[in-house]
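> Sending over a structure as structure tokens; questions will come in a sec.
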Amino acid sequence: MTHGWRLPGICCAFALWVLYCAWNPESVFDFWLENLLTLIFVAVLAATYRRMALSDASYALIAVFLALHEWGALYKYSDVPLGEWMKPAFGLTRNHYDRVMHFAYGLLLAYPMQEWFVRSGNVRFRYFLPIQFTLACSAVYEMLEALMASILSPQRGEEFVGMQGDLWDAQQDMFLATLGAMIAMAGLAAARRFCTPKPVPASDLKVTHA
């Protein structure tokens, strides 16, 4: 699959954004801890590019999600300006930017997941597998968060997990990620059904003879 200038442009824009966020984060330790999985994910994308290249749309969606994640890591997630604005606007008691990101995870990455599954030969359940995979990845991530929290100091662990006093933080995060994936797949299925031209029946074709 050829990408022309689009993929290099996406990569350059994302790299510049990462450099900006990494220049002066609120907490250097938390920033790189939050980006540990990001570095692994980007390395996997680079390593599998020649064998399983995705479309420009998929790479753009991935870049948008990762850019939003970098913004969250810049402010330790619990102090992101958007989340602070949402507090008085919606009567919230905590910074909900992490909730926004979990929802965005399902919403933005479900399409790249589907594309990967289809190219791997899993076409039959192409609208179900991304939802299932999103939920599975969310559960694994929450378990990794719990593991890191048990290793780090209580303060570092609390900052990394970002519960902000919410005992149901993990469950709500998984629900929002799954909801985002369900909306993405439902919207994609509807768009393909109503926007794809229907084939003309053979009986309606008129054959003209010279």
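Each chain in the structure tokens gets a letter, A, B and so on, in the order shown; residues start at 1 in every chain, and ligands are counted from 1 in the order they appear.
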Write out as a PyMOL selection string all residues of chain A that DSSP puts in helix (DSSP H, G or I) for this structure's backbone.

chain A and resi 6-23+28-34+36-47+56-74+81-90+97-119+129-151+154-161+169-195+202-204

> Name all residues at most 7 Å from segment 117-132 of chain A (count only C-alpha atoms; drop same-chain ones fewer than 4 positions away) and give them as a ChimeraX atom specification.

/A:110,113,136,178,181-182,185

> Write out the residues from the selection above, keeping N, CA and C atoms, as a JSON list (two decimals), in the first residue's frame.


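File written: selection-v1.json
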```
[["chain", "number", "residue", "atom", "x", "y", "z"],
["A", 110, "ALA", "N", -11.23, 1.81, 16.90],
["A", 110, "ALA", "CA", -12.03, 0.66, 16.45],
["A", 110, "ALA", "C", -11.87, 0.43, 14.95],
["A", 113, "MET", "N", -8.54, -1.15, 14.16],
["A", 113, "MET", "CA", -8.62, -2.55, 14.60],
["A", 113, "MET", "C", -9.36, -3.39, 13.57],
["A", 136, "ALA", "N", -11.24, -6.13, 25.82],
["A", 136, "ALA", "CA", -10.14, -6.97, 26.33],
["A", 136, "ALA", "C", -8.91, -6.12, 26.63],
["A", 178, "THR", "N", -15.55, 0.64, 25.57],
["A", 178, "THR", "CA", -16.42, -0.27, 24.82],
["A", 178, "THR", "C", -17.55, 0.49, 24.13],
["A", 181, "ALA", "N", -16.23, 2.15, 21.01],
["A", 181, "ALA", "CA", -16.06, 1.19, 19.92],
["A", 181, "ALA", "C", -17.41, 0.79, 19.31],
["A", 182, "MET", "N", -18.42, 0.62, 20.15],
["A", 182, "MET", "CA", -19.75, 0.26, 19.65],
["A", 182, "MET", "C", -20.31, 1.37, 18.77],
["A", 185, "MET", "N", -18.38, 1.35, 15.38],
["A", 185, "MET", "CA", -18.76, 0.24, 14.51],
["A", 185, "MET", "C", -20.18, 0.39, 13.98]]
```

> Of the candidates A:Asp169, A:Glu70, A:Asp98, A:Glu84, which shows the shortest atom-to-atom distance to Phe14 of chain A, using only C-alpha atoms?

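Answer, going by the shortest atom-to-atom distance: A:Glu70.
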
> With a distance cut-off of 7 Å and only C-alpha atoms, select the neighbouring residues of Lys76 of chain A, excluding the residue or stretch itself and same-chain residues fewer than 5 positions from it, and output the selection as JSON, numbers by chain.

{"A": [26, 27, 30, 31]}

> With C-alpha atoms retained, could you export that selection as an mmCIF file, in the first residue's frame?


```
data_model
loop_
_atom_site.group_PDB
_atom_site.id
_atom_site.type_symbol
_atom_site.label_atom_id
_atom_site.label_comp_id
_atom_site.auth_asym_id
_atom_site.auth_seq_id
_atom_site.Cartn_x
_atom_site.Cartn_y
_atom_site.Cartn_z
ATOM 1 C CA GLU A 26 4.113 18.730 34.745
ATOM 2 C CA SER A 27 5.916 15.614 35.976
ATOM 3 C CA ASP A 30 4.687 10.469 35.123
ATOM 4 C CA PHE A 31 5.027 11.652 31.522
#
```
